[in-house]
Amino acid sequence: MNSEWQTFLQQQQATLEGDRVIDFGDAAQERQAVESGTVLADLSHLGLIAADGSDTETFLQGQFTNDVQQVTAQQSQLTAYCNPKGRMLASMRLFRREDRYFLSLPRGVLEPTLKRLRMFVLRSNVTLDDASDELARFGLAGPDAEKLLGAQLPALPGAVDEVVQHAQLSVIRIPGPPARFEIHGPASDLTRLWQALQSGATPVGYPAWSWLDTVAGVPSVVPETVETFVPQMANLHSLGGISFTKGCYTGQEVVARMHYLGKLKRRMYRAHVDIDTPPAPGEPLYNAGTGTDNSAGKVVLAQPAPQGGVDLLAVLQISSVEAGPLHLGQPDGPLLNLLDLPYEVANEA
């Protein structure tokens, strides 16, 4: 974590666990605030890879699922990095600041992703670096997010994935509901902006912000789920994270075949479970009455829900969902109650 930004967070009474803010002193109150209020959240749990050099666009175009040529200073995108079998090694948000590309992804997969990308640079004029401590970043979300941020900045991104550059700040609109923004920039600039916003927003820790990802239906690949899901299984096609016209990239044959020739047998669902402790990513789910060697799917992301219990995202067999009740951890484990996603999921038929 950027040392200047870390000092500021500690002055705000943040409880830190490594590069992650757990809470600002009252986790229960933060869970309530995130459901219907406007919240501020440190995003240091996300690392940054910086890519620059004259061949960067061409290089990244051959690595990721989305069309890198569409990324500009005003437009970001969700994308994924796959192995040759089409399984995701990482999912990330790609954006630009001047001539540099930045890949925002969970810190737990940053180092292996960076190492693997560097293996394929070869003679290309591309430099890849861990830039996690170069910039600070926080999120703002809620019913008053636009009003609060608009009072401090002359312009805001209007649509999801759009970016507005203001002096040293990159302001990105990300999927909701509610209205959500990521702001990246030097620690000193973000400190001033946070202080200007905090009179109208409640500071919250990583679990509360991550819960908003479950509401938005946005997946993350973490160490426990690396090489587990093809992008369509995690609904990346419904979130604009895959281009089917850009040409070749690692894993493209599998991803394209599923789109053009196959029918999607697994997809990501949102659900609630009446338990106290969130399951880990990768935790299996089962239909009632089946054996433990016949999993119906796996947890992608799970966080405490504001009204109790746990909300989660899980990749499930569509046939298992249609077959009946689903249970967490064991065929007779806690019952899964499916919830709506804020977008339609194409079945890739």
# chains A, B, ... in the order shown; residues from 1 in each chain; ligands from 1
$ closest_atom_pairs --of "stretch 116-146 of chain A" --to "stretch 96-111 of chain A" --cutoff "10 Å" --atoms "only C-alpha atoms" --output "CSV"
residue,atom,partner,partner_atom,distance
A:Arg116,CA,A:Glu111,CA,8.6
A:Leu117,CA,A:Glu111,CA,9.9
A:Thr127,CA,A:Arg100,CA,10.0
A:Leu128,CA,A:Tyr101,CA,9.6
A:Asp129,CA,A:Phe102,CA,9.7
A:Asp130,CA,A:Glu111,CA,8.0
A:Ala131,CA,A:Phe102,CA,8.3
A:Ser132,CA,A:Arg107,CA,8.6
$ write_last_selection --atoms "C-alpha atoms" --output "PDB file, in the first residue's frame"
ATOM      1  CA  ARG A 116       3.256 -14.807 -16.813  1.00  0.00           C
ATOM      2  CA  LEU A 117       2.692 -11.697 -18.942  1.00  0.00           C
ATOM      3  CA  THR A 127       7.522  -2.732 -19.942  1.00  0.00           C
ATOM      4  CA  LEU A 128       5.337  -4.303 -17.247  1.00  0.00           C
ATOM      5  CA  ASP A 129       5.619  -3.220 -13.609  1.00  0.00           C
ATOM      6  CA  ASP A 130       3.817  -3.587 -10.313  1.00  0.00           C
ATOM      7  CA  ALA A 131       2.441  -0.058  -9.871  1.00  0.00           C
ATOM      8  CA  SER A 132       0.247  -0.832  -6.849  1.00  0.00           C
TER       9      SER A 132
END
$ select_by_dssp --residues "stretch 113-300 of chain A" --states "strand (DSSP E)" --output "PyMOL selection string"
chain A and resi 127-130+136-141+163-166+169-174+180-185+202-204+266-273+284-287+297-300
$ write_last_selection --atoms "N, CA and C atoms" --output "compact mmCIF listing (two decimals), in the first residue's frame"
# COMPACT_ATOMS: atom_id res chain seq x y z
N THR A 127 7.04 -2.63 -21.32
CA THR A 127 7.52 -2.73 -19.94
C THR A 127 6.32 -2.95 -19.04
N LEU A 128 6.40 -3.96 -18.19
CA LEU A 128 5.34 -4.30 -17.25
C LEU A 128 5.87 -4.19 -15.83
N ASP A 129 5.15 -3.45 -14.98
CA ASP A 129 5.62 -3.22 -13.61
C ASP A 129 4.46 -3.28 -12.63
N ASP A 130 4.78 -3.68 -11.41
CA ASP A 130 3.82 -3.59 -10.31
C ASP A 130 3.74 -2.13 -9.89
N ALA A 136 -2.81 5.76 -5.41
CA ALA A 136 -3.80 5.34 -4.43
C ALA A 136 -5.15 5.24 -5.15
N ARG A 137 -6.15 4.62 -4.49
CA ARG A 137 -7.45 4.47 -5.13
C ARG A 137 -8.53 4.25 -4.06
N PHE A 138 -9.69 4.83 -4.32
CA PHE A 138 -10.84 4.55 -3.46
C PHE A 138 -12.11 4.53 -4.30
N GLY A 139 -13.17 3.99 -3.70
CA GLY A 139 -14.45 3.90 -4.36
C GLY A 139 -15.48 4.76 -3.67
N LEU A 140 -16.45 5.23 -4.43
CA LEU A 140 -17.59 5.99 -3.91
C LEU A 140 -18.84 5.39 -4.53
N ALA A 141 -19.84 5.10 -3.70
CA ALA A 141 -21.06 4.47 -4.20
C ALA A 141 -22.25 4.90 -3.37
N VAL A 163 -14.57 6.96 -18.46
CA VAL A 163 -13.55 7.54 -17.60
C VAL A 163 -13.50 9.04 -17.84
N VAL A 164 -13.35 9.80 -16.77
CA VAL A 164 -13.07 11.22 -16.87
C VAL A 164 -11.73 11.48 -16.19
N GLN A 165 -10.83 12.11 -16.91
CA GLN A 165 -9.52 12.49 -16.35
C GLN A 165 -9.62 13.93 -15.87
N HIS A 166 -9.30 14.14 -14.61
CA HIS A 166 -9.33 15.48 -14.04
C HIS A 166 -8.02 15.73 -13.32
N LEU A 169 -6.32 12.90 -11.48
CA LEU A 169 -7.29 11.88 -11.09
C LEU A 169 -7.90 11.19 -12.30
N SER A 170 -8.07 9.87 -12.19
CA SER A 170 -8.83 9.09 -13.17
C SER A 170 -10.10 8.61 -12.48
N VAL A 171 -11.25 9.06 -12.95
CA VAL A 171 -12.54 8.72 -12.34
C VAL A 171 -13.26 7.77 -13.29
N ILE A 172 -13.53 6.55 -12.82
CA ILE A 172 -14.11 5.49 -13.65
C ILE A 172 -15.46 5.12 -13.09
N ARG A 173 -16.46 5.05 -13.96
CA ARG A 173 -17.77 4.56 -13.54
C ARG A 173 -17.78 3.04 -13.72
N ILE A 174 -18.14 2.32 -12.65
CA ILE A 174 -18.13 0.87 -12.69
C ILE A 174 -19.55 0.35 -12.47
N ARG A 180 -21.69 3.76 -8.91
CA ARG A 180 -20.38 3.48 -8.29
C ARG A 180 -19.25 4.07 -9.13
N PHE A 181 -18.24 4.57 -8.42
CA PHE A 181 -17.08 5.17 -9.07
C PHE A 181 -15.80 4.65 -8.42
N GLU A 182 -14.77 4.43 -9.24
CA GLU A 182 -13.40 4.23 -8.77
C GLU A 182 -12.63 5.49 -9.10
N ILE A 183 -11.81 5.95 -8.15
CA ILE A 183 -10.95 7.11 -8.38
C ILE A 183 -9.52 6.71 -8.10
N HIS A 184 -8.65 6.90 -9.10
CA HIS A 184 -7.23 6.58 -8.99
C HIS A 184 -6.41 7.87 -9.12
N GLY A 185 -5.36 7.99 -8.32
CA GLY A 185 -4.50 9.16 -8.43
C GLY A 185 -3.47 9.21 -7.33
N THR A 202 -20.23 7.53 4.28
CA THR A 202 -19.71 6.73 5.38
C THR A 202 -18.51 5.91 4.92
N PRO A 203 -17.35 6.04 5.57
CA PRO A 203 -16.22 5.17 5.22
C PRO A 203 -16.53 3.71 5.56
N VAL A 204 -16.23 2.80 4.64
CA VAL A 204 -16.48 1.38 4.86
C VAL A 204 -15.26 0.57 4.44
N ARG A 266 -22.87 -23.73 -17.74
CA ARG A 266 -22.68 -23.12 -16.43
C ARG A 266 -22.72 -21.61 -16.58
N ARG A 267 -23.25 -20.94 -15.59
CA ARG A 267 -23.24 -19.48 -15.57
C ARG A 267 -23.22 -19.02 -14.12
N MET A 268 -23.00 -17.74 -13.93
CA MET A 268 -22.89 -17.21 -12.57
C MET A 268 -24.25 -16.72 -12.09
N TYR A 269 -24.57 -17.07 -10.85
CA TYR A 269 -25.80 -16.66 -10.19
C TYR A 269 -25.47 -15.88 -8.92
N ARG A 270 -26.45 -15.12 -8.48
CA ARG A 270 -26.37 -14.42 -7.20
C ARG A 270 -27.30 -15.11 -6.23
N ALA A 271 -26.89 -15.22 -4.96
CA ALA A 271 -27.68 -15.97 -4.00
C ALA A 271 -27.45 -15.47 -2.58
N HIS A 272 -28.33 -15.92 -1.68
CA HIS A 272 -28.22 -15.62 -0.24
C HIS A 272 -28.22 -16.94 0.52
N VAL A 273 -27.42 -16.99 1.59
CA VAL A 273 -27.37 -18.15 2.48
C VAL A 273 -27.46 -17.66 3.92
N PRO A 284 -17.56 -25.64 -2.77
CA PRO A 284 -18.50 -26.31 -3.67
C PRO A 284 -19.96 -26.16 -3.23
N LEU A 285 -20.86 -26.32 -4.18
CA LEU A 285 -22.30 -26.34 -3.93
C LEU A 285 -22.87 -27.61 -4.53
N TYR A 286 -23.99 -28.07 -3.94
CA TYR A 286 -24.54 -29.37 -4.33
C TYR A 286 -26.07 -29.31 -4.41
N ASN A 287 -26.61 -30.17 -5.26
CA ASN A 287 -28.04 -30.46 -5.19
C ASN A 287 -28.30 -31.40 -4.01
N GLY A 297 -21.44 -26.67 -8.57
CA GLY A 297 -20.77 -25.41 -8.88
C GLY A 297 -19.87 -24.98 -7.75
N LYS A 298 -19.36 -23.74 -7.87
CA LYS A 298 -18.42 -23.21 -6.88
C LYS A 298 -18.70 -21.74 -6.59
N VAL A 299 -18.39 -21.35 -5.37
CA VAL A 299 -18.51 -19.95 -4.96
C VAL A 299 -17.44 -19.11 -5.66
N VAL A 300 -17.84 -17.95 -6.13
CA VAL A 300 -16.92 -16.99 -6.73
C VAL A 300 -16.53 -15.92 -5.72
$ residues_around --residues "A:Leu212" --least-positions-apart "4" --cutoff "9 Å" --atoms "only C-alpha atoms" --output "list of chain:residue names"
A:Val34, A:Glu35, A:Ala141, A:Gly176, A:Pro177, A:Pro178, A:Pro207, A:Ala208, A:Ala216, A:Gly217, A:Val218
$ write_last_selection --atoms "C-alpha atoms" --output "PDB file, in the first residue's frame"
ATOM      1  CA  VAL A  34     -23.698   0.222   2.265  1.00  0.00           C
ATOM      2  CA  GLU A  35     -27.232  -1.115   1.663  1.00  0.00           C
ATOM      3  CA  ALA A 141     -21.059   4.468  -4.201  1.00  0.00           C
ATOM      4  CA  GLY A 176     -23.868  -1.037 -10.047  1.00  0.00           C
ATOM      5  CA  PRO A 177     -26.476  -0.645  -8.691  1.00  0.00           C
ATOM      6  CA  PRO A 178     -26.046   1.755  -7.020  1.00  0.00           C
ATOM      7  CA  PRO A 207     -16.214  -6.463   2.944  1.00  0.00           C
ATOM      8  CA  ALA A 208     -18.861  -3.778   2.478  1.00  0.00           C
ATOM      9  CA  ALA A 216     -23.656  -5.768  -9.302  1.00  0.00           C
ATOM     10  CA  GLY A 217     -22.842  -9.354 -10.325  1.00  0.00           C
ATOM     11  CA  VAL A 218     -19.184  -8.565 -11.025  1.00  0.00           C
TER      12      VAL A 218
END
$ residues_around --residues "A:Phe24" --least-positions-apart "4" --cutoff "10 Å" --atoms "only C-alpha atoms" --output "PyMOL selection string"
chain A and resi 9-10+12-16+29-30+41+202-205
$ residues_around --residues "A:Val226" --least-positions-apart "5" --cutoff "8 Å" --atoms "only C-alpha atoms" --output "NGL selection string"
:A and (87-90 or 221)
$ closest_residue --among "A:Ser76, A:Thr277, A:Glu322, A:Pro331" --to "A:Ser295" --atoms "only C-alpha atoms"
A:Pro331
$ residues_around --residues "stretch 243-250 of chain A" --least-positions-apart "5" --cutoff "10 Å" --atoms "only C-alpha atoms" --output "list in words"
Phe59, Leu60, Gln61, Gly62, Gln63, Phe64, Thr65, Asn66, Asp67, Val68, Gln69, Thr79, Tyr81, Cys82, Asn83, Pro84, Lys85, Gly86, Arg87, His237, Val255, Ala256, His259 and Tyr260 of chain A
$ write_last_selection --atoms "N, CA and C atoms" --output "PDB file, in the first residue's frame"
ATOM      1  N   PHE A  59       0.635  -5.875 -27.877  1.00  0.00           N
ATOM      2  CA  PHE A  59       0.938  -6.968 -26.955  1.00  0.00           C
ATOM      3  C   PHE A  59      -0.286  -7.341 -26.124  1.00  0.00           C
ATOM      4  N   LEU A  60      -0.930  -6.358 -25.504  1.00  0.00           N
ATOM      5  CA  LEU A  60      -2.087  -6.647 -24.663  1.00  0.00           C
ATOM      6  C   LEU A  60      -3.253  -7.196 -25.480  1.00  0.00           C
ATOM      7  N   GLN A  61      -3.366  -6.763 -26.713  1.00  0.00           N
ATOM      8  CA  GLN A  61      -4.439  -7.257 -27.579  1.00  0.00           C
ATOM      9  C   GLN A  61      -4.330  -8.767 -27.785  1.00  0.00           C
ATOM     10  N   GLY A  62      -3.118  -9.286 -27.771  1.00  0.00           N
ATOM     11  CA  GLY A  62      -2.917 -10.709 -27.959  1.00  0.00           C
ATOM     12  C   GLY A  62      -3.012 -11.518 -26.680  1.00  0.00           C
ATOM     13  N   GLN A  63      -3.314 -10.850 -25.555  1.00  0.00           N
ATOM     14  CA  GLN A  63      -3.368 -11.546 -24.266  1.00  0.00           C
ATOM     15  C   GLN A  63      -4.773 -11.617 -23.665  1.00  0.00           C
ATOM     16  N   PHE A  64      -5.591 -10.610 -23.897  1.00  0.00           N
ATOM     17  CA  PHE A  64      -6.830 -10.464 -23.143  1.00  0.00           C
ATOM     18  C   PHE A  64      -8.074 -10.721 -23.986  1.00  0.00           C
ATOM     19  N   THR A  65      -9.189 -11.000 -23.291  1.00  0.00           N
ATOM     20  CA  THR A  65     -10.437 -11.363 -23.974  1.00  0.00           C
ATOM     21  C   THR A  65     -11.130 -10.183 -24.640  1.00  0.00           C
ATOM     22  N   ASN A  66     -10.885  -8.977 -24.170  1.00  0.00           N
ATOM     23  CA  ASN A  66     -11.589  -7.824 -24.722  1.00  0.00           C
ATOM     24  C   ASN A  66     -10.720  -7.084 -25.733  1.00  0.00           C
ATOM     25  N   ASP A  67     -11.334  -6.157 -26.463  1.00  0.00           N
ATOM     26  CA  ASP A  67     -10.647  -5.426 -27.528  1.00  0.00           C
ATOM     27  C   ASP A  67      -9.887  -4.241 -26.940  1.00  0.00           C
ATOM     28  N   VAL A  68      -8.603  -4.406 -26.751  1.00  0.00           N
ATOM     29  CA  VAL A  68      -7.768  -3.383 -26.121  1.00  0.00           C
ATOM     30  C   VAL A  68      -7.768  -2.092 -26.934  1.00  0.00           C
ATOM     31  N   GLN A  69      -7.996  -2.186 -28.235  1.00  0.00           N
ATOM     32  CA  GLN A  69      -8.016  -0.984 -29.070  1.00  0.00           C
ATOM     33  C   GLN A  69      -9.138  -0.017 -28.691  1.00  0.00           C
ATOM     34  N   THR A  79     -12.015  -7.135 -18.554  1.00  0.00           N
ATOM     35  CA  THR A  79     -11.400  -8.088 -19.459  1.00  0.00           C
ATOM     36  C   THR A  79     -10.869  -9.253 -18.632  1.00  0.00           C
ATOM     37  N   TYR A  81      -7.778 -12.610 -18.527  1.00  0.00           N
ATOM     38  CA  TYR A  81      -6.540 -13.215 -19.002  1.00  0.00           C
ATOM     39  C   TYR A  81      -6.684 -14.721 -18.819  1.00  0.00           C
ATOM     40  N   CYS A  82      -6.573 -15.478 -19.910  1.00  0.00           N
ATOM     41  CA  CYS A  82      -6.876 -16.907 -19.881  1.00  0.00           C
ATOM     42  C   CYS A  82      -5.642 -17.760 -20.175  1.00  0.00           C
ATOM     43  N   ASN A  83      -5.704 -19.008 -19.753  1.00  0.00           N
ATOM     44  CA  ASN A  83      -4.694 -19.971 -20.179  1.00  0.00           C
ATOM     45  C   ASN A  83      -5.097 -20.537 -21.545  1.00  0.00           C
ATOM     46  N   PRO A  84      -4.290 -21.360 -22.174  1.00  0.00           N
ATOM     47  CA  PRO A  84      -4.639 -21.869 -23.500  1.00  0.00           C
ATOM     48  C   PRO A  84      -5.944 -22.662 -23.545  1.00  0.00           C
ATOM     49  N   LYS A  85      -6.398 -23.170 -22.402  1.00  0.00           N
ATOM     50  CA  LYS A  85      -7.657 -23.907 -22.349  1.00  0.00           C
ATOM     51  C   LYS A  85      -8.864 -23.001 -22.117  1.00  0.00           C
ATOM     52  N   GLY A  86      -8.637 -21.682 -22.136  1.00  0.00           N
ATOM     53  CA  GLY A  86      -9.724 -20.738 -21.984  1.00  0.00           C
ATOM     54  C   GLY A  86     -10.153 -20.495 -20.559  1.00  0.00           C
ATOM     55  N   ARG A  87      -9.420 -21.017 -19.578  1.00  0.00           N
ATOM     56  CA  ARG A  87      -9.759 -20.815 -18.172  1.00  0.00           C
ATOM     57  C   ARG A  87      -9.094 -19.538 -17.665  1.00  0.00           C
ATOM     58  N   HIS A 237     -19.317 -12.163 -20.664  1.00  0.00           N
ATOM     59  CA  HIS A 237     -19.922 -11.761 -21.928  1.00  0.00           C
ATOM     60  C   HIS A 237     -21.095 -10.819 -21.707  1.00  0.00           C
ATOM     61  N   VAL A 255     -12.960 -19.954 -25.941  1.00  0.00           N
ATOM     62  CA  VAL A 255     -13.977 -18.945 -25.650  1.00  0.00           C
ATOM     63  C   VAL A 255     -14.889 -18.739 -26.858  1.00  0.00           C
ATOM     64  N   ALA A 256     -14.300 -18.660 -28.053  1.00  0.00           N
ATOM     65  CA  ALA A 256     -15.096 -18.463 -29.263  1.00  0.00           C
ATOM     66  C   ALA A 256     -15.964 -19.680 -29.575  1.00  0.00           C
ATOM     67  N   HIS A 259     -19.032 -19.668 -27.633  1.00  0.00           N
ATOM     68  CA  HIS A 259     -19.958 -18.640 -28.090  1.00  0.00           C
ATOM     69  C   HIS A 259     -20.681 -19.036 -29.379  1.00  0.00           C
ATOM     70  N   TYR A 260     -19.931 -19.557 -30.334  1.00  0.00           N
ATOM     71  CA  TYR A 260     -20.501 -19.796 -31.663  1.00  0.00           C
ATOM     72  C   TYR A 260     -21.079 -21.201 -31.851  1.00  0.00           C
TER      73      TYR A 260
END
$ closest_residue --among "A:Pro306, A:Pro154, A:Pro279, A:Gly200" --to "A:Ser36" --atoms "only C-alpha atoms"
A:Pro306
$ closest_residue --among "A:Asp213, A:Leu135, A:Asp276, A:Pro334" --to "A:Leu312" --atoms "only C-alpha atoms"
A:Asp213
$ select_by_dssp --residues "stretch 81-244 of chain A" --states "helix (DSSP H, G or I)" --output "MDAnalysis selection string"
chainID A and resid 107:119 145:150 187:197 206:216 223:225 231:234 236:239
$ atom_distance --atom1 "atom CA of A:Val21" --atom2 "atom CA of A:Asp42"
6.8 Å
$ residues_around --residues "A:Ala280" --least-positions-apart "3" --cutoff "8 Å" --atoms "only C-alpha atoms" --output "PyMOL selection string"
chain A and resi 283+299+301-302
$ write_last_selection --atoms "all heavy atoms" --output "compact mmCIF listing (two decimals), in the first residue's frame"
# COMPACT_ATOMS: atom_id res chain seq x y z
N GLU A 283 -15.54 -22.73 -2.72
CA GLU A 283 -16.34 -23.67 -1.93
C GLU A 283 -17.41 -24.31 -2.83
O GLU A 283 -18.08 -23.63 -3.58
CB GLU A 283 -17.02 -22.92 -0.78
CG GLU A 283 -17.84 -23.76 0.17
CD GLU A 283 -16.99 -24.47 1.21
OE1 GLU A 283 -15.78 -24.18 1.30
OE2 GLU A 283 -17.55 -25.31 1.93
N VAL A 299 -18.39 -21.35 -5.37
CA VAL A 299 -18.51 -19.95 -4.96
C VAL A 299 -17.44 -19.11 -5.66
O VAL A 299 -16.28 -19.52 -5.76
CB VAL A 299 -18.37 -19.83 -3.42
CG1 VAL A 299 -18.28 -18.36 -2.99
CG2 VAL A 299 -19.52 -20.54 -2.72
N LEU A 301 -17.53 -15.39 -5.01
CA LEU A 301 -17.33 -14.27 -4.09
C LEU A 301 -18.45 -14.32 -3.06
O LEU A 301 -19.59 -14.61 -3.40
CB LEU A 301 -17.40 -12.95 -4.88
CG LEU A 301 -17.44 -11.64 -4.12
CD1 LEU A 301 -16.12 -11.39 -3.40
CD2 LEU A 301 -17.74 -10.47 -5.06
N ALA A 302 -18.13 -14.06 -1.80
CA ALA A 302 -19.15 -14.06 -0.74
C ALA A 302 -18.79 -13.05 0.33
O ALA A 302 -17.63 -12.91 0.71
CB ALA A 302 -19.27 -15.46 -0.12
$ closest_residue --among "A:Glu162, A:Asp311, A:Asp189, A:Glu146" --to "A:Ala201" --atoms "only C-alpha atoms"
A:Glu146
$ closest_residue --among "A:Gln75, A:Ser44, A:Thr38, A:Thr225" --to "A:Pro157" --atoms "only C-alpha atoms"
A:Gln75
$ atom_distance --atom1 "atom CA of A:Arg123" --atom2 "atom CA of A:Gln252"
22.7 Å
$ atom_distance --atom1 "atom CA of A:Asn235" --atom2 "atom CA of A:Ala346"
8.3 Å
